[in-house]
>>> print(open('model-v3.txt').read())   # compact mmCIF, C-alpha atoms
# COMPACT_ATOMS: atom_id res chain seq x y z
CA MET A 24 87.07 95.73 112.57
CA VAL A 25 89.99 93.29 112.63
CA GLY A 26 91.12 90.57 110.26
CA THR A 27 91.30 87.11 111.81
CA GLN A 28 93.61 85.46 109.26
CA TRP A 29 96.57 86.71 107.19
CA GLY A 30 94.77 89.65 105.65
CA ASP A 31 92.70 89.99 102.47
CA GLU A 32 89.56 88.89 104.35
CA GLY A 33 87.41 91.60 102.79
CA LYS A 34 87.46 94.02 105.73
CA GLY A 35 86.84 96.98 103.45
CA LYS A 36 83.39 95.79 102.43
CA PHE A 37 82.05 95.44 105.96
CA THR A 38 83.80 98.59 107.12
CA ASP A 39 82.02 100.39 104.30
CA LEU A 40 78.74 98.75 105.32
CA LEU A 41 78.98 99.62 109.03
CA ALA A 42 80.30 103.10 108.30
CA GLY A 43 76.76 104.02 107.35
CA ASP A 44 75.94 104.20 111.07
CA ALA A 45 79.20 105.87 112.11
CA SER A 46 80.28 109.50 112.14
CA MET A 47 84.00 108.69 111.92
CA VAL A 48 86.08 105.83 110.50
CA VAL A 49 89.62 105.64 111.84
CA ARG A 50 92.47 103.70 110.27
CA TYR A 51 94.79 102.86 113.17
CA GLN A 52 97.90 101.08 111.80
CA GLY A 53 99.77 99.91 108.71
CA GLY A 54 100.47 101.79 105.54
CA HIS A 55 99.79 101.54 101.83
CA ASN A 56 100.83 97.90 101.79
CA ALA A 57 97.19 97.00 102.48
CA GLY A 58 94.50 97.45 99.84
CA HIS A 59 90.76 97.63 100.52
CA THR A 60 88.44 97.15 97.56
CA LEU A 61 84.91 98.55 97.74
CA VAL A 62 82.22 97.86 95.14
CA VAL A 63 79.32 100.34 95.14
CA ASP A 64 76.66 100.29 92.43
CA GLY A 65 78.98 98.26 90.23
CA GLU A 66 81.83 100.75 90.62
CA SER A 67 85.04 99.52 92.24
CA PHE A 68 87.26 101.64 94.50
CA ALA A 69 90.70 100.32 95.50
CA LEU A 70 91.87 102.19 98.59
CA GLN A 71 95.27 101.96 100.26
CA LEU A 72 95.44 104.68 102.91
CA VAL A 73 92.15 106.55 102.99
CA PRO A 74 89.67 104.85 105.37
CA SER A 75 86.79 102.98 103.76
CA GLY A 76 84.15 105.35 105.14
CA VAL A 77 85.17 108.04 102.65
CA LEU A 78 82.34 107.01 100.32
CA TYR A 79 79.73 108.26 102.83
CA PRO A 80 79.19 112.05 102.83
CA HIS A 81 78.47 112.12 106.58
CA VAL A 82 81.63 110.24 107.66
CA THR A 83 84.93 111.80 108.70
CA PRO A 84 87.69 109.44 107.51
CA LEU A 85 90.70 109.80 109.80
CA ILE A 86 94.21 108.34 109.43
CA GLY A 87 95.42 107.75 112.98
CA ASN A 88 98.78 108.23 114.65
CA GLY A 89 99.66 104.54 114.32
CA VAL A 90 99.67 104.63 110.52
CA VAL A 91 102.77 105.26 108.40
CA VAL A 92 101.90 107.59 105.51
CA ASP A 93 103.61 107.92 102.16
CA PRO A 94 102.63 111.51 101.28
CA PHE A 95 102.94 110.94 97.54
CA VAL A 96 100.72 107.85 97.61
CA PHE A 97 98.23 109.60 99.89
CA LEU A 98 97.88 112.55 97.53
CA ALA A 99 97.60 110.29 94.48
CA GLU A 100 94.76 108.42 96.19
CA MET A 101 93.03 111.66 97.15
CA THR A 102 93.31 112.84 93.54
CA MET A 103 91.85 109.58 92.25
CA LEU A 104 88.88 109.86 94.60
CA SER A 105 88.27 113.51 93.74
CA GLU A 106 88.37 112.76 90.02
CA ARG A 107 85.71 110.09 90.57
CA GLY A 108 83.39 112.48 92.36
CA VAL A 109 84.18 111.60 95.97
CA ASP A 110 84.41 114.49 98.45
CA THR A 111 87.87 114.28 100.04
CA THR A 112 87.68 117.51 102.05
CA ARG A 113 86.54 115.45 105.06
CA VAL A 114 89.70 113.29 105.13
CA LYS A 115 91.92 113.99 108.15
CA VAL A 116 95.46 112.85 109.01
CA SER A 117 96.97 112.67 112.49
CA GLY A 118 99.88 115.03 112.97
CA ASN A 119 101.56 112.23 114.93
CA ALA A 120 101.48 109.72 112.07
CA HIS A 121 104.93 108.95 110.68
CA LEU A 122 106.02 109.52 107.10
CA ILE A 123 107.26 106.95 104.61
CA LEU A 124 109.80 108.59 102.31
CA PRO A 125 111.61 107.26 99.21
CA TYR A 126 114.65 106.03 101.14
CA HIS A 127 112.41 103.75 103.21
CA GLN A 128 111.19 102.07 100.04
CA GLN A 129 114.70 101.74 98.68
CA LEU A 130 115.92 100.16 101.91
CA ASP A 131 112.92 97.83 102.01
CA ALA A 132 113.65 96.47 98.52
CA LEU A 133 117.38 96.13 99.22
CA HIS A 134 116.88 94.31 102.51
CA GLU A 135 114.42 91.90 100.89
CA ARG A 136 116.84 91.19 98.03
CA HIS A 137 119.68 90.69 100.51
CA LEU A 138 117.68 87.99 102.33
CA GLY A 139 117.53 85.90 99.16
CA ALA A 140 115.76 82.59 99.72
CA ALA A 141 114.95 83.68 103.29
CA ARG A 142 113.04 86.76 102.10
CA LEU A 143 109.87 87.66 103.95
CA GLY A 144 107.71 88.59 100.97
CA THR A 145 107.23 92.24 101.88
CA THR A 146 105.46 94.59 99.47
CA LYS A 147 108.61 96.77 99.34
CA ARG A 148 106.51 99.82 100.13
CA GLY A 149 108.85 101.02 102.90
CA ILE A 150 106.52 100.08 105.76
CA GLY A 151 109.07 98.13 107.85
CA PRO A 152 111.91 100.68 107.55
CA ALA A 153 109.52 103.52 108.45
CA TYR A 154 108.38 101.71 111.60
CA ALA A 155 112.03 100.86 112.35
CA ASP A 156 112.93 104.56 112.18
CA LYS A 157 109.99 105.31 114.47
CA SER A 158 111.33 102.84 117.05
CA MET A 159 114.86 104.21 116.71
CA ARG A 160 113.52 107.77 117.23
CA LEU A 161 114.69 108.72 113.75
CA GLY A 162 111.16 108.95 112.36
CA ILE A 163 109.68 112.03 110.75
CA ARG A 164 106.07 112.81 111.61
CA VAL A 165 103.38 114.43 109.49
CA GLN A 166 103.39 117.47 111.80
CA ASP A 167 107.11 118.03 111.14
CA MET A 168 106.27 119.27 107.65
CA LEU A 169 104.56 122.28 109.22
CA ASP A 170 107.92 123.64 110.44
CA GLU A 171 110.41 123.73 107.57
CA LYS A 172 113.44 124.13 109.84
CA ILE A 173 112.51 121.12 111.98
CA PHE A 174 111.61 119.06 108.93
CA ARG A 175 114.94 119.68 107.25
CA GLU A 176 116.89 119.00 110.46
CA LYS A 177 115.08 115.73 111.10
CA LEU A 178 115.47 114.63 107.49
CA ARG A 179 119.23 115.29 107.59
CA SER A 180 119.49 113.25 110.78
CA ALA A 181 117.44 110.36 109.41
CA LEU A 182 119.35 110.31 106.13
CA GLY A 183 122.63 110.49 108.00
CA HIS A 184 121.83 106.97 109.18
CA ALA A 185 120.06 105.74 106.04
CA ASN A 186 122.75 106.96 103.67
CA LYS A 187 125.42 105.04 105.58
CA VAL A 188 123.44 101.86 105.06
CA LEU A 189 122.76 102.64 101.41
CA THR A 190 126.36 103.46 100.57
CA LYS A 191 128.44 101.22 102.84
CA VAL A 192 126.22 98.12 102.97
CA PHE A 193 124.45 98.15 99.61
CA ASN A 194 126.88 100.23 97.52
CA ARG A 195 124.17 102.67 96.45
CA LEU A 196 124.34 106.42 95.95
CA PRO A 197 123.37 108.60 98.92
CA ILE A 198 120.13 110.59 98.91
CA ASP A 199 120.39 114.38 99.13
CA PRO A 200 118.37 115.51 102.16
CA ASP A 201 117.84 119.04 100.88
CA GLY A 202 116.63 117.86 97.49
CA LEU A 203 114.17 115.44 99.10
CA ALA A 204 113.01 118.10 101.55
CA ASP A 205 112.39 120.54 98.68
CA ARG A 206 110.33 117.92 96.84
CA VAL A 207 108.17 117.01 99.85
CA LEU A 208 107.58 120.60 100.92
CA GLU A 209 106.76 121.79 97.40
CA GLU A 210 104.71 118.83 96.13
CA CYS A 211 103.02 117.53 99.26
CA LEU A 212 102.77 120.11 102.02
CA PRO A 213 100.35 122.57 100.35
CA ARG A 214 97.64 119.90 100.12
CA ILE A 215 98.42 117.77 103.16
CA GLN A 216 98.50 120.66 105.61
CA LEU A 217 94.76 121.10 105.01
CA CYS A 218 94.19 117.58 106.39
CA ILE A 219 96.45 117.60 109.49
CA VAL A 220 94.63 117.45 112.83
CA ASP A 221 95.03 116.53 116.48
CA SER A 222 93.54 113.09 115.95
CA VAL A 223 93.13 112.26 119.65
CA ASP A 224 91.07 115.42 120.14
CA GLU A 225 88.99 114.70 117.03
CA ILE A 226 88.18 111.13 118.09
CA HIS A 227 87.38 111.93 121.71
CA ASN A 228 85.19 114.88 120.76
CA ALA A 229 83.15 112.52 118.61
CA LEU A 230 82.93 109.97 121.43
CA GLU A 231 81.91 112.62 123.94
CA ARG A 232 79.11 113.70 121.59
CA GLY A 233 77.81 110.12 121.74
CA GLU A 234 78.68 109.40 118.12
CA GLN A 235 79.78 106.01 116.81
CA VAL A 236 83.42 105.68 115.79
CA LEU A 237 84.57 102.73 113.72
CA PHE A 238 88.21 101.64 113.95
CA GLU A 239 89.52 99.96 110.83
CA GLY A 240 92.56 97.71 110.93
CA ALA A 241 94.75 96.80 107.99
CA GLN A 242 96.40 93.38 107.56
CA ALA A 243 95.24 90.89 110.19
CA THR A 244 95.76 89.02 113.45
CA PHE A 245 98.37 86.55 112.19
CA LEU A 246 100.40 89.33 110.62
CA ASP A 247 100.61 91.12 113.99
CA LEU A 248 104.17 91.97 114.97
CA ASP A 249 103.74 90.41 118.42
CA HIS A 250 101.13 87.71 117.86
CA GLY A 251 101.53 86.70 114.22
CA THR A 252 103.61 84.00 112.55
CA TYR A 253 106.85 85.88 113.18
CA PRO A 254 109.01 86.80 111.27
CA PHE A 255 106.50 86.53 108.42
CA VAL A 256 104.47 89.43 109.77
CA THR A 257 103.86 93.11 109.23
CA SER A 258 105.56 95.87 111.25
CA SER A 259 102.61 97.00 113.37
CA ASN A 260 99.77 95.65 115.53
CA PRO A 261 96.60 94.93 113.52
CA THR A 262 94.98 93.22 116.53
CA ALA A 263 92.26 95.03 118.46
CA GLY A 264 94.73 96.32 121.04
CA GLY A 265 96.46 98.20 118.25
CA ALA A 266 93.36 100.35 117.85
CA CYS A 267 93.94 101.77 121.31
CA THR A 268 97.56 102.76 120.75
CA GLY A 269 97.16 103.56 117.06
CA ALA A 270 94.24 105.93 117.60
CA GLY A 271 94.66 107.16 121.17
CA ILE A 272 91.71 105.61 122.97
CA GLY A 273 91.40 103.50 126.10
CA PRO A 274 89.89 99.98 126.08
CA ARG A 275 86.69 101.06 127.85
CA HIS A 276 85.66 103.00 124.74
CA VAL A 277 85.49 99.80 122.68
CA ASP A 278 82.09 98.10 122.95
CA ARG A 279 82.21 95.79 119.92
CA VAL A 280 85.05 93.97 118.18
CA ILE A 281 84.12 92.37 114.86
CA GLY A 282 86.47 89.77 113.42
CA ILE A 283 86.44 89.36 109.65
CA ALA A 284 87.02 85.82 108.40
CA LYS A 285 86.99 84.64 104.82
CA ALA A 286 85.13 81.36 104.21
CA TYR A 287 88.54 79.98 103.31
CA VAL A 288 92.04 81.31 104.02
CA THR A 289 94.71 82.98 101.91
CA ARG A 290 98.08 84.46 102.63
CA VAL A 291 100.67 86.38 100.63
CA GLY A 292 104.40 85.86 100.85
CA ALA A 293 106.28 83.30 102.88
CA GLY A 294 105.39 81.67 106.20
CA PRO A 295 103.61 78.61 107.63
CA PHE A 296 100.15 77.72 106.34
CA PRO A 297 98.77 74.41 107.73
CA THR A 298 95.68 74.22 105.48
CA GLU A 299 97.34 75.39 102.25
CA LEU A 300 96.02 73.76 99.09
CA PHE A 301 98.13 72.87 96.07
CA ASP A 302 95.41 71.16 94.04
CA GLU A 303 92.57 72.08 91.69
CA VAL A 304 90.42 73.20 94.64
CA GLY A 305 93.08 75.75 95.56
CA ASP A 306 93.22 76.93 91.95
CA HIS A 307 89.43 77.24 92.00
CA LEU A 308 89.49 79.43 95.11
CA VAL A 309 92.11 81.70 93.56
CA ASP A 310 90.38 81.96 90.18
CA VAL A 311 86.78 82.37 91.35
CA GLY A 312 87.76 84.45 94.38
CA ARG A 313 90.10 86.65 92.33
CA GLU A 314 92.77 86.13 94.91
CA TYR A 315 95.38 88.53 93.63
CA GLY A 316 96.79 91.44 95.61
CA THR A 317 94.92 94.75 95.28
CA ASN A 318 98.22 96.65 95.26
CA THR A 319 100.80 94.14 94.06
CA GLY A 320 98.84 91.77 91.83
CA ARG A 321 100.56 88.82 93.52
CA ARG A 322 98.75 85.47 93.52
CA ARG A 323 97.61 84.58 97.04
CA ARG A 324 98.21 81.16 98.56
CA PRO A 325 94.83 79.45 99.17
CA GLY A 326 93.67 76.99 101.83
CA TRP A 327 90.65 75.72 103.74
CA LEU A 328 89.21 77.73 106.64
CA ASP A 329 91.25 77.11 109.80
CA THR A 330 89.16 77.33 112.98
CA VAL A 331 92.21 76.69 115.18
CA MET A 332 93.45 80.07 113.98
CA LEU A 333 89.98 81.56 114.31
CA ARG A 334 89.66 80.51 117.96
CA HIS A 335 93.04 82.06 118.68
CA ALA A 336 91.97 85.28 116.95
CA VAL A 337 88.84 85.34 119.14
CA ARG A 338 91.08 85.22 122.21
CA LEU A 339 93.62 87.78 121.07
CA ASN A 340 91.05 90.35 119.98
CA SER A 341 88.22 89.70 122.48
CA LEU A 342 85.93 89.29 119.48
CA THR A 343 82.25 89.85 120.14
CA ASP A 344 81.19 88.45 116.79
CA VAL A 345 82.48 87.28 113.41
CA ALA A 346 81.61 88.41 109.89
CA ILE A 347 82.13 85.85 107.12
CA THR A 348 83.16 87.01 103.65
CA LYS A 349 83.26 85.30 100.26
CA LEU A 350 80.93 82.48 101.20
CA ASP A 351 79.75 82.55 97.59
CA ILE A 352 83.20 81.46 96.36
CA LEU A 353 82.42 77.98 97.73
CA ASP A 354 79.13 77.73 95.79
CA GLN A 355 80.35 75.31 93.13
CA LEU A 356 82.19 72.86 95.39
CA ASP A 357 80.79 69.38 96.03
CA THR A 358 82.25 69.33 99.53
CA VAL A 359 83.81 71.95 101.79
CA LYS A 360 86.26 71.42 104.60
CA LEU A 361 86.99 73.07 107.93
CA CYS A 362 90.18 72.50 109.89
CA THR A 363 89.07 71.98 113.49
CA ALA A 364 92.33 70.68 114.99
CA TYR A 365 95.96 69.85 114.16
CA ARG A 366 97.91 66.66 114.53
CA ILE A 367 101.46 67.42 115.67
CA ASP A 368 103.92 64.60 116.28
CA GLY A 369 101.00 62.17 116.58
CA GLU A 370 99.05 64.28 119.08
CA GLU A 371 95.77 66.08 118.38
CA VAL A 372 95.97 69.79 119.22
CA ARG A 373 93.04 72.24 119.27
CA THR A 374 94.93 75.38 120.27
CA LEU A 375 97.51 77.23 118.20
CA PRO A 376 101.04 76.08 119.16
CA TYR A 377 103.24 78.84 120.51
CA HIS A 378 106.40 77.37 118.96
CA GLN A 379 106.94 78.13 115.29
CA SER A 380 108.47 74.74 114.51
CA LEU A 381 105.29 73.03 115.71
CA ILE A 382 103.15 75.19 113.44
CA HIS A 383 105.34 74.21 110.48
CA ARG A 384 104.79 70.52 111.35
CA ALA A 385 101.06 70.84 111.98
CA GLU A 386 98.86 68.48 109.97
CA PRO A 387 95.29 69.79 109.62
CA LEU A 388 92.41 67.61 110.82
CA TYR A 389 89.32 68.34 108.80
CA THR A 390 85.58 68.23 109.23
CA GLU A 391 84.15 67.63 105.76
CA LEU A 392 80.69 68.99 104.93
CA PRO A 393 78.50 68.72 101.83
CA GLY A 394 78.49 71.73 99.53
CA TRP A 395 75.28 73.61 98.69
CA LYS A 396 75.75 73.88 94.90
CA LYS A 397 73.61 77.00 94.69
CA ASP A 398 74.38 80.55 93.63
CA LEU A 399 74.32 82.70 96.78
CA SER A 400 74.81 86.02 95.01
CA THR A 401 71.10 86.91 95.26
CA VAL A 402 70.50 85.59 98.79
CA ARG A 403 69.61 88.44 101.15
CA SER A 404 68.13 86.66 104.17
CA VAL A 405 69.22 83.87 106.47
CA GLU A 406 65.97 82.02 105.73
CA ASP A 407 66.90 81.77 102.04
CA LEU A 408 70.29 80.20 102.70
CA PRO A 409 70.62 76.61 101.47
CA ALA A 410 70.57 74.19 104.41
CA ASN A 411 74.15 73.04 103.75
CA ALA A 412 75.41 76.62 103.71
CA ARG A 413 73.68 77.28 107.01
CA THR A 414 75.23 74.11 108.45
CA PHE A 415 78.67 75.32 107.37
CA LEU A 416 78.14 78.64 109.15
CA ASP A 417 76.75 76.95 112.26
CA VAL A 418 79.85 74.75 112.53
CA VAL A 419 82.13 77.77 112.07
CA ALA A 420 80.33 79.67 114.84
CA GLU A 421 80.43 76.64 117.13
CA GLN A 422 84.15 76.20 116.55
CA ALA A 423 84.89 79.92 117.00
CA GLY A 424 82.86 80.22 120.19
CA VAL A 425 81.27 83.53 119.16
CA PRO A 426 78.24 84.23 116.94
CA ILE A 427 78.33 85.07 113.24
CA SER A 428 76.65 88.42 112.66
CA LEU A 429 77.20 89.15 108.96
CA VAL A 430 77.79 87.06 105.85
CA SER A 431 78.92 88.35 102.48
CA THR A 432 77.46 86.68 99.38
CA GLY A 433 79.21 88.80 96.75
CA PRO A 434 81.45 91.85 96.27
CA GLY A 435 78.68 94.45 96.04
CA ARG A 436 77.67 96.69 98.94
CA LYS A 437 74.18 95.09 99.10
CA GLN A 438 75.35 91.49 98.72
CA TYR A 439 75.21 90.42 102.33
CA LEU A 440 72.86 89.04 104.94
CA GLU A 441 72.56 89.85 108.60
CA PHE A 442 72.01 87.41 111.46
CA SER A 443 69.75 88.68 114.24
>>> encode(input="model-v3.txt", output="structure tokens")
Amino acid sequence: MVGTQWGDEGKGKFTDLLAGDASMVVRYQGGHNAGHTLVVDGESFALQLVPSGVLYPHVTPLIGNGVVVDPFVFLAEMTMLSERGVDTTRVKVSGNAHLILPYHQQLDALHERHLGAARLGTTKRGIGPAYADKSMRLGIRVQDMLDEKIFREKLRSALGHANKVLTKVFNRLPIDPDGLADRVLEECLPRIQLCIVDSVDEIHNALERGEQVLFEGAQATFLDLDHGTYPFVTSSNPTAGGACTGAGIGPRHVDRVIGIAKAYVTRVGAGPFPTELFDEVGDHLVDVGREYGTNTGRRRRPGWLDTVMLRHAVRLNSLTDVAITKLDILDQLDTVKLCTAYRIDGEEVRTLPYHQSLIHRAEPLYTELPGWKKDLSTVRSVEDLPANARTFLDVVAEQAGVPISLVSTGPGRKQYLEFS
């Protein structure tokens, strides 16, 4: 499952839906900067790190090696789920996943403040600095907590670098490595060590038994570190290829890649956005769609669905099919629009420009369609869709070049319809 836009497409709902047929749901990248909201029997669950399949008693939710894990956030989420009656004993964490520690969050906030008007709009959760440490070979992995001597040595080394930045660049007090090590080992290790596994072995054992494994990405295609609207991106690879490296599988094990696309587009933070709306329609999408961050509460920037982006996402991820979310948010609109091409410097363009300056100058060219003016929240079959809603979906599928397989008509687990 991969997002095809800038995140917040509603991946959690369809991951939860498809997890019913899976034995394992694997989160393969990102950290607690991404929130998934699940609504089951009117009860809402906001998850940050634990994979969406946790609500099924037969599913093993696994946090893969490509994820960066804040141990304090992870345990708080596990506690929340346990207190609400969810069995968390099945949750597993890769020993090769890297840790986010308090100095990563402090550095994240300081770097963002230092950028001033050029800030990226990060969530300040320490994701970027943790991945930076991983690349610099200063990272601390989940498995390191199992050997106190190694953990303390690695933390001293990592803080030797971080403290120089904190004190000499930002004029902040240094962090005591021994004090932080004591806190992590005392507060986190006793519970987390029960979850640590060899994730590659766990996943491949399930595959060899013929079981279905669902790989769940956080963020989305255009936040990908390599393929997104750089530098306004995340610090990992949410595209389908990231599932291979972030979970430890080869491409031949992947037989379906579902792209999640909202019936409109939103993004959080800075960066180009060709179809962005600044009018009452945009306000309507935000208000009716409740487009505020699950974790941060930040208002999302709204815009019309961009099929230029969607076609590019199909290419990058080898999508087999697309699932459309929040179609019901368009119910009250007289007309709906789809961006099917850009005009750049007087020329019509149907593929995403590779040069960032061209994307900033892109003028969306729209196909305008009549709205359906009907409440879709109770629609459960394709046959019951209003004709105009079906036309909208047909045009989206035609523009994307792959079929639409699922459509969400509300936040609840049962509010969806399936295309044959």
>>> residues_around(input="model-v3.txt", residues="Glu171 in chain A", least_positions_apart="6", cutoff="10 Å", atoms="all atoms listed in the file", output="JSON, numbers by chain")
{"A": [177, 204, 205, 208]}
>>> atom_distance(input="model-v3.txt", atom1="CA of Lys187 in chain A", atom2="CA of Asn119 in chain A")
26.6 Å
>>> residues_around(input="model-v3.txt", residues="Pro74 in chain A", least_positions_apart="2", cutoff="9 Å", atoms="all atoms listed in the file", output="list in words")
Gly35, Thr38, Asp39, Val48, Val49, Arg50, His59, Leu70, Gln71, Leu72, Gly76, Val77, Pro84, Leu85, Ile86, Val114 and Glu239 of chain A
>>> write_last_selection(input="model-v3.txt", atoms="C-alpha atoms", output="JSON list (two decimals), in the coordinates of the input")
[["chain", "number", "residue", "atom", "x", "y", "z"],
["A", 35, "GLY", "CA", 86.84, 96.98, 103.45],
["A", 38, "THR", "CA", 83.80, 98.59, 107.12],
["A", 39, "ASP", "CA", 82.02, 100.39, 104.30],
["A", 48, "VAL", "CA", 86.08, 105.83, 110.50],
["A", 49, "VAL", "CA", 89.62, 105.64, 111.84],
["A", 50, "ARG", "CA", 92.47, 103.70, 110.27],
["A", 59, "HIS", "CA", 90.76, 97.63, 100.52],
["A", 70, "LEU", "CA", 91.87, 102.19, 98.59],
["A", 71, "GLN", "CA", 95.27, 101.96, 100.26],
["A", 72, "LEU", "CA", 95.44, 104.68, 102.91],
["A", 76, "GLY", "CA", 84.15, 105.35, 105.14],
["A", 77, "VAL", "CA", 85.17, 108.04, 102.65],
["A", 84, "PRO", "CA", 87.69, 109.44, 107.51],
["A", 85, "LEU", "CA", 90.70, 109.80, 109.80],
["A", 86, "ILE", "CA", 94.21, 108.34, 109.43],
["A", 114, "VAL", "CA", 89.70, 113.29, 105.13],
["A", 239, "GLU", "CA", 89.52, 99.96, 110.83]]
>>> atom_distance(input="model-v3.txt", atom1="CA of Arg107 in chain A", atom2="CA of Tyr315 in chain A")
23.8 Å
>>> residues_near_point(input="model-v3.txt", point="(81.1, 97.9, 105.5)", cutoff="12 Å", atoms="only C-alpha atoms", output="short mmCIF file (atom, residue, chain, number, x, y, z; two decimals) with C-alpha atoms, in the frame of the given file")
data_model
loop_
_atom_site.label_atom_id
_atom_site.label_comp_id
_atom_site.auth_asym_id
_atom_site.auth_seq_id
_atom_site.Cartn_x
_atom_site.Cartn_y
_atom_site.Cartn_z
CA MET A 24 87.07 95.73 112.57
CA GLY A 33 87.41 91.60 102.79
CA LYS A 34 87.46 94.02 105.73
CA GLY A 35 86.84 96.98 103.45
CA LYS A 36 83.39 95.79 102.43
CA PHE A 37 82.05 95.44 105.96
CA THR A 38 83.80 98.59 107.12
CA ASP A 39 82.02 100.39 104.30
CA LEU A 40 78.74 98.75 105.32
CA LEU A 41 78.98 99.62 109.03
CA ALA A 42 80.30 103.10 108.30
CA GLY A 43 76.76 104.02 107.35
CA ASP A 44 75.94 104.20 111.07
CA ALA A 45 79.20 105.87 112.11
CA VAL A 48 86.08 105.83 110.50
CA HIS A 59 90.76 97.63 100.52
CA THR A 60 88.44 97.15 97.56
CA LEU A 61 84.91 98.55 97.74
CA VAL A 62 82.22 97.86 95.14
CA VAL A 63 79.32 100.34 95.14
CA PRO A 74 89.67 104.85 105.37
CA SER A 75 86.79 102.98 103.76
CA GLY A 76 84.15 105.35 105.14
CA VAL A 77 85.17 108.04 102.65
CA LEU A 78 82.34 107.01 100.32
CA TYR A 79 79.73 108.26 102.83
CA LEU A 237 84.57 102.73 113.72
CA PHE A 238 88.21 101.64 113.95
CA GLU A 239 89.52 99.96 110.83
CA ILE A 281 84.12 92.37 114.86
CA ILE A 283 86.44 89.36 109.65
CA ALA A 346 81.61 88.41 109.89
CA THR A 348 83.16 87.01 103.65
CA LEU A 429 77.20 89.15 108.96
CA VAL A 430 77.79 87.06 105.85
CA SER A 431 78.92 88.35 102.48
CA PRO A 434 81.45 91.85 96.27
CA GLY A 435 78.68 94.45 96.04
CA ARG A 436 77.67 96.69 98.94
CA LYS A 437 74.18 95.09 99.10
CA GLN A 438 75.35 91.49 98.72
CA TYR A 439 75.21 90.42 102.33
#
>>> atom_distance(input="model-v3.txt", atom1="CA of His378 in chain A", atom2="CA of Ala336 in chain A")
16.6 Å
>>> residues_around(input="model-v3.txt", residues="Arg148 in chain A", least_positions_apart="4", cutoff="8 Å", atoms="all atoms listed in the file", output="PyMOL selection string")
chain A and resi 55-56+127-128+131
>>> closest_residue(input="model-v3.txt", among="A:Leu130, A:Leu408, A:Ile226, A:Ile163", to="Leu189 in chain A", atoms="all atoms listed in the file")
A:Leu130
>>> residues_around(input="model-v3.txt", residues="Val291 in chain A", least_positions_apart="6", cutoff="8 Å", atoms="all atoms listed in the file", output="list in words")
Trp29, Gly144, Arg321, Arg322, Arg323 and Arg324 of chain A
>>> residues_around(input="model-v3.txt", residues="Pro197 in chain A", least_positions_apart="6", cutoff="10 Å", atoms="only C-alpha atoms", output="ChimeraX atom specification")
/A:126,182-183,185-191
>>> closest_residue(input="model-v3.txt", among="A:Arg160, A:Leu375, A:Gly30, A:Val73", to="Glu100 in chain A", atoms="all atoms listed in the file")
A:Val73
